[in-house]
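Participant: What follows is the file work07.cif, containing mmCIF, C-alpha atoms:
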```
data_work
#
loop_
_atom_site.group_PDB
_atom_site.id
_atom_site.type_symbol
_atom_site.label_atom_id
_atom_site.label_comp_id
_atom_site.auth_asym_id
_atom_site.auth_seq_id
_atom_site.Cartn_x
_atom_site.Cartn_y
_atom_site.Cartn_z
ATOM 1 C CA MET A 1314 14.651 11.734 -2.644
ATOM 2 C CA ASP A 1315 11.403 10.743 -0.916
ATOM 3 C CA ASP A 1316 11.176 7.893 1.598
ATOM 4 C CA THR A 1317 9.829 5.399 -0.956
ATOM 5 C CA GLY A 1318 12.633 6.231 -3.380
ATOM 6 C CA LEU A 1319 15.223 5.945 -0.635
ATOM 7 C CA LEU A 1320 13.939 2.548 0.479
ATOM 8 C CA SER A 1321 13.674 1.300 -3.095
ATOM 9 C CA SER A 1322 17.282 2.286 -3.734
ATOM 10 C CA LEU A 1323 18.501 0.698 -0.519
ATOM 11 C CA LEU A 1324 16.527 -2.481 -1.147
ATOM 12 C CA ALA A 1325 18.052 -2.675 -4.616
ATOM 13 C CA GLU A 1326 21.494 -2.178 -3.091
ATOM 14 C CA VAL A 1327 21.157 -4.944 -0.487
ATOM 15 C CA THR A 1328 19.333 -7.447 -2.734
ATOM 16 C CA GLY A 1329 20.897 -6.765 -6.125
ATOM 17 C CA LEU A 1330 17.417 -6.422 -7.651
ATOM 18 C CA SER A 1331 15.965 -3.526 -9.659
ATOM 19 C CA PRO A 1332 14.559 -0.626 -7.580
ATOM 20 C CA SER A 1333 11.380 -0.751 -9.693
ATOM 21 C CA ARG A 1334 10.450 -4.044 -7.995
ATOM 22 C CA PHE A 1335 9.891 -2.330 -4.658
ATOM 23 C CA HIS A 1336 6.595 -0.511 -4.241
ATOM 24 C CA ASP A 1337 4.735 0.576 -1.087
ATOM 25 C CA ASP A 1338 2.823 -2.665 -0.669
ATOM 26 C CA ALA A 1339 5.786 -4.939 -1.442
ATOM 27 C CA ARG A 1340 6.104 -7.599 1.257
ATOM 28 C CA PHE A 1341 9.620 -8.284 2.463
ATOM 29 C CA GLU A 1342 8.993 -12.030 2.668
ATOM 30 C CA SER A 1343 8.209 -12.104 -1.064
ATOM 31 C CA ILE A 1344 11.460 -10.407 -2.092
ATOM 32 C CA GLU A 1345 13.768 -12.821 -3.876
ATOM 33 C CA GLY A 1346 16.711 -13.698 -1.645
ATOM 34 C CA TRP A 1347 15.287 -11.920 1.425
ATOM 35 C CA SER A 1348 16.753 -13.184 4.701
ATOM 36 C CA SER A 1349 17.434 -11.973 8.220
ATOM 37 C CA LEU A 1350 20.927 -10.970 7.110
ATOM 38 C CA THR A 1351 19.493 -8.894 4.256
ATOM 39 C CA ALA A 1352 17.084 -7.244 6.705
ATOM 40 C CA LEU A 1353 19.959 -6.283 8.998
ATOM 41 C CA ARG A 1354 22.027 -4.959 6.085
ATOM 42 C CA LEU A 1355 19.061 -2.779 5.098
ATOM 43 C CA LEU A 1356 18.678 -1.529 8.669
ATOM 44 C CA VAL A 1357 22.350 -0.544 8.918
ATOM 45 C CA ARG A 1358 22.267 1.320 5.575
ATOM 46 C CA LEU A 1359 18.969 3.028 6.396
ATOM 47 C CA GLU A 1360 20.187 4.240 9.782
ATOM 48 C CA ALA A 1361 23.508 5.407 8.313
ATOM 49 C CA LEU A 1362 21.838 7.435 5.570
ATOM 50 C CA THR A 1363 19.047 8.959 7.648
ATOM 51 C CA GLY A 1364 20.838 9.376 10.970
ATOM 52 C CA VAL A 1365 17.776 7.837 12.655
ATOM 53 C CA GLU A 1366 18.067 4.869 15.012
ATOM 54 C CA LEU A 1367 15.136 2.488 14.569
ATOM 55 C CA ASP A 1368 13.843 0.166 17.271
ATOM 56 C CA LEU A 1369 14.942 -3.327 16.175
ATOM 57 C CA ARG A 1370 11.750 -5.099 17.265
ATOM 58 C CA ARG A 1371 9.523 -2.578 15.509
ATOM 59 C CA TYR A 1372 11.748 -2.712 12.423
ATOM 60 C CA LEU A 1373 11.609 -6.508 12.213
ATOM 61 C CA ALA A 1374 7.821 -6.412 12.693
ATOM 62 C CA CYS A 1375 7.407 -4.391 9.475
ATOM 63 C CA GLU A 1376 6.011 -6.651 6.770
ATOM 64 C CA THR A 1377 5.806 -4.166 3.891
ATOM 65 C CA VAL A 1378 7.718 -1.226 2.496
ATOM 66 C CA SER A 1379 4.884 1.109 3.525
ATOM 67 C CA GLU A 1380 5.032 -0.124 7.130
ATOM 68 C CA LEU A 1381 8.769 0.555 7.176
ATOM 69 C CA ILE A 1382 8.196 4.022 5.729
ATOM 70 C CA GLY A 1383 5.708 4.688 8.544
ATOM 71 C CA LEU A 1384 8.231 3.535 11.138
ATOM 72 C CA LEU A 1385 10.936 5.714 9.622
ATOM 73 C CA ARG A 1386 8.677 8.769 9.551
ATOM 74 C CA SER A 1387 7.582 8.299 13.153
ATOM 75 C CA ALA A 1388 11.218 7.931 14.248
ATOM 76 C CA GLN A 1389 12.141 11.128 12.412
ATOM 77 C CA ALA A 1390 9.365 13.116 14.138
#
```
Represent the structure from my file as C-alpha cells, please.

Facilitator:
Amino acid sequence: MDDTGLLSSLLAEVTGLSPSRFHDDARFESIEGWSSLTALRLLVRLEALTGVELDLRRYLACETVSELIGLLRSAQA
C-alpha cells in the first residue's frame, strides 16, 4: 500500500468516514469530526504501523494529507 492509501485507510479508521474522502490536498481542519484527539489517534496508529517516530510539532503543523505524507517520507529516509 502506498503512503496515500495508508493515510486514507488510517484516517477512515480514526474518523469513521470513507477512505475515498481523503485525497492529497485534503485539509485536516475540514474533515468532519476532526479534533486534537483524532489527530493524536492518527499519530499513534501511523507510528505503530510504520515503525517511524514523527516529531510531534512537525506532525501537528501539517495542514494537509500531502504535507503529512512528506513528513512521513522524510522521517523514513

Participant: Between atom CA of A:Thr1363 and atom CA of A:Gln1389, what is the distance in Å, rounded to a tenth?

Facilitator: 8.7 Å

Participant: Here's the selection I'm unsure about, the PyMOL selection byres ((chain A and resi 1326) around 12); applied to the file above, which residues does it give, as a list in words?

Facilitator: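 After applying the PyMOL selection byres ((chain A and resi 1326) around 12), what remains is Leu1319, Leu1320, Ser1321, Ser1322, Leu1323, Leu1324, Ala1325, Val1327, Thr1328, Gly1329, Leu1330, Ser1331, Pro1332, Phe1335, Thr1351, Ala1352, Arg1354, Leu1355, Arg1358 and Leu1359 of chain A.
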
Participant: One decimal, in Å: what's the spacing between atom CA of A:Leu1367 and atom CA of A:Ser1349?

Facilitator: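 Separating atom CA of A:Leu1367 from atom CA of A:Ser1349 is a distance of 16.0 Å.
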
Participant: Choose the residue, out of A:Leu1373, A:His1336, A:Glu1360, A:Leu1384, that has the smallest atom-to-atom separation from A:Ser1348; count all atoms listed in the file.

Facilitator: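 Closest to A:Ser1348, using all atoms listed in the file: A:Leu1373.
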
Participant: Go through A:Thr1377, A:Arg1386, A:Asp1315, A:Arg1371 one by one, measure the shortest atom-to-atom distance of each to A:Asp1338 using all atoms listed in the file, and give the residue with the smallest value.

Facilitator: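 Result for the nearest residue to A:Asp1338: A:Thr1377.
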